[in-house]
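Colleague: Take this structure first; my questions come after.
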Amino acid sequence: VDTSMDSGKSDYDLKRTCKFYDLTKEEWSAEGCETIEGTFASETGEMSYTCHCNHNTSFAIILSQAEIADTVQTTASTILNTVNIIFLGLTFVCIAPFKKFRARRLIQIQVQLCAALFVGHIAFIILGTTTASSKACVPGVIIVQYLFLVAVAWSVCASVT
């Protein structure tokens with residue numbers, strides 16, 4: 001198998017492993033397979049790999065996921081969500097002390113919008129700490145989607161008012 005096309009496209013040392021899809025475990029497994037690095041053709045820049053398996057199944061060369069994980073997006077998302085939470089809290093603190101100001105319908109809608117976004121952003125950050133296999137993942141996604149749908153609904157109410 002020639003994998004030379006993906007070399008140079010990443011700053012990471014990409015590890016290739018022969019694996020097959022285990023239907024009983026529903027995951028990729030390297031059990032019974034050995035990855036052998038072939039020769040490097042300097043004139044073409046191609047590297048070949050050979051998979052030696054002790055069973056007759058379909059297999060593939062898999063690039064290791066851990067080495068190509070990119071944390072920049074997660075970090076930026078957490079920082080921007082934190083900034084949103086701070087300013088939503090600041091907006092609420094500026095509105096809350098003024099009872100006469102809060103009596104207006106538009107301000108009440110905006111307070112509800114701020115509350116939905118505030119809780120939604122906090123839930124989003126908490127959800128980012130869970131893994132896909134966690135039992136909290138699906139309910140967390142449902143709650144976050146609901147909160148942002150509520151925020152959209154409050155935005156529509158504010159625009160109509």
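Going through the structure tokens in order, the chains are called A, B, and so on, while each chain numbers its residues from 1 and the ligands are numbered from 1 in the order shown.
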Looking only at strand (DSSP E) from DSSP on the backbone, list the matching residues of range 50-121 of chain A as a list of chain:residue names.
Modeller: A:Thr50, A:Cys51, A:His52, A:Cys53, A:Phe59, A:Ala60, A:Ile61, A:Ile62, A:Leu63
Colleague: Using Å and a single decimal, report how far CA of Ile85 in chain A sits from CA of Thr129 in chain A.
Modeller: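 Pair CA of Thr129 in chain A / CA of Ile85 in chain A returns 17.1 Å.
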Colleague: So which residues of chain A fall under alpha helix (DSSP H) by DSSP, listed as a PyMOL selection string?
Modeller: chain A and resi 72-95+99-102+105-127+137-160
Colleague: So that I have them on file, write out the residues from the current selection with C-alpha atoms, as a compact mmCIF listing (two decimals), in the first residue's frame.
Modeller:
```txt
# COMPACT_ATOMS: atom_id res chain seq x y z
CA VAL A 72 -6.54 24.64 18.87
CA GLN A 73 -10.25 24.54 18.04
CA THR A 74 -11.18 23.28 21.51
CA THR A 75 -9.08 25.97 23.20
CA ALA A 76 -10.49 28.77 21.03
CA SER A 77 -14.04 27.52 21.61
CA THR A 78 -13.56 27.45 25.38
CA ILE A 79 -12.03 30.94 25.43
CA LEU A 80 -14.78 32.47 23.27
CA ASN A 81 -17.54 30.75 25.27
CA THR A 82 -15.99 32.08 28.48
CA VAL A 83 -15.94 35.61 27.02
CA ASN A 84 -19.62 35.19 26.06
CA ILE A 85 -20.48 34.02 29.59
CA ILE A 86 -18.69 37.02 31.14
CA PHE A 87 -20.50 39.55 28.94
CA LEU A 88 -23.88 37.83 29.35
CA GLY A 89 -23.39 37.96 33.11
CA LEU A 90 -22.38 41.61 32.87
CA THR A 91 -25.50 42.37 30.81
CA PHE A 92 -27.69 40.69 33.40
CA VAL A 93 -25.98 42.55 36.26
CA CYS A 94 -26.58 45.87 34.46
CA ILE A 95 -30.30 45.13 33.97
CA LYS A 99 -36.93 47.35 38.74
CA LYS A 100 -38.55 50.11 36.68
CA PHE A 101 -36.37 49.19 33.71
CA ARG A 102 -37.18 45.46 34.09
CA ARG A 105 -41.69 43.61 28.05
CA LEU A 106 -38.68 43.87 25.73
CA ILE A 107 -36.28 43.96 28.67
CA GLN A 108 -37.98 40.88 30.18
CA ILE A 109 -37.51 39.05 26.88
CA GLN A 110 -33.88 40.13 26.71
CA VAL A 111 -33.27 38.91 30.27
CA GLN A 112 -34.72 35.51 29.31
CA LEU A 113 -32.54 35.51 26.18
CA CYS A 114 -29.43 36.28 28.28
CA ALA A 115 -30.35 33.54 30.77
CA ALA A 116 -30.83 30.93 28.00
CA LEU A 117 -27.52 31.88 26.35
CA PHE A 118 -25.70 32.00 29.71
CA VAL A 119 -26.82 28.50 30.72
CA GLY A 120 -26.35 27.23 27.15
CA HIS A 121 -22.73 28.37 27.00
CA ILE A 122 -21.96 26.88 30.41
CA ALA A 123 -23.57 23.58 29.36
CA PHE A 124 -21.58 23.67 26.11
CA ILE A 125 -18.28 24.04 27.99
CA ILE A 126 -19.21 21.22 30.39
CA LEU A 127 -20.27 19.06 27.44
CA CYS A 137 -23.07 12.93 26.09
CA VAL A 138 -26.50 12.41 24.47
CA PRO A 139 -28.55 14.11 27.22
CA GLY A 140 -25.98 16.92 27.28
CA VAL A 141 -26.29 17.50 23.54
CA ILE A 142 -30.09 17.51 23.83
CA ILE A 143 -29.97 20.08 26.66
CA VAL A 144 -27.49 22.34 24.82
CA GLN A 145 -29.52 22.17 21.58
CA TYR A 146 -32.69 22.95 23.52
CA LEU A 147 -31.12 25.96 25.26
CA PHE A 148 -29.85 27.44 21.99
CA LEU A 149 -33.25 26.79 20.36
CA VAL A 150 -34.83 28.68 23.26
CA ALA A 151 -32.36 31.52 22.65
CA VAL A 152 -33.41 31.65 18.99
CA ALA A 153 -37.08 31.71 20.04
CA TRP A 154 -36.42 34.59 22.48
CA SER A 155 -34.54 36.44 19.71
CA VAL A 156 -37.57 36.10 17.44
CA CYS A 157 -39.82 37.35 20.24
CA ALA A 158 -37.52 40.33 20.79
CA SER A 159 -37.53 41.21 17.10
CA VAL A 160 -41.33 41.05 16.91
```
Colleague: Residues of range 59-97 of chain A that have any atom at most 10 Å from an atom of range 26-44 of chain A: could you tabulate them with the shortest-distance atom pair and the distance in Å to one decimal, using only C-alpha atoms, ordered by chain and increasing number, as CSV?
Modeller:
```
residue,atom,partner,partner_atom,distance
A:Phe59,CA,A:Cys33,CA,8.9
A:Ala60,CA,A:Trp28,CA,9.4
A:Ile61,CA,A:Thr35,CA,8.3
A:Ile62,CA,A:Trp28,CA,8.9
```
Colleague: So, counting only C-alpha atoms, which residue among A:Ala136, A:Cys53, A:Leu63, A:Met47 is closest to Lys15 in chain A?
Modeller: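 Of A:Ala136, A:Cys53, A:Leu63, A:Met47, the one nearest Lys15 in chain A, counting only C-alpha atoms, is A:Leu63.
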Colleague: Just to confirm, what's the straight-line distance from CA of Phe20 in chain A to CA of Thr50 in chain A in Å (one decimal)?
Modeller: 13.7 Å
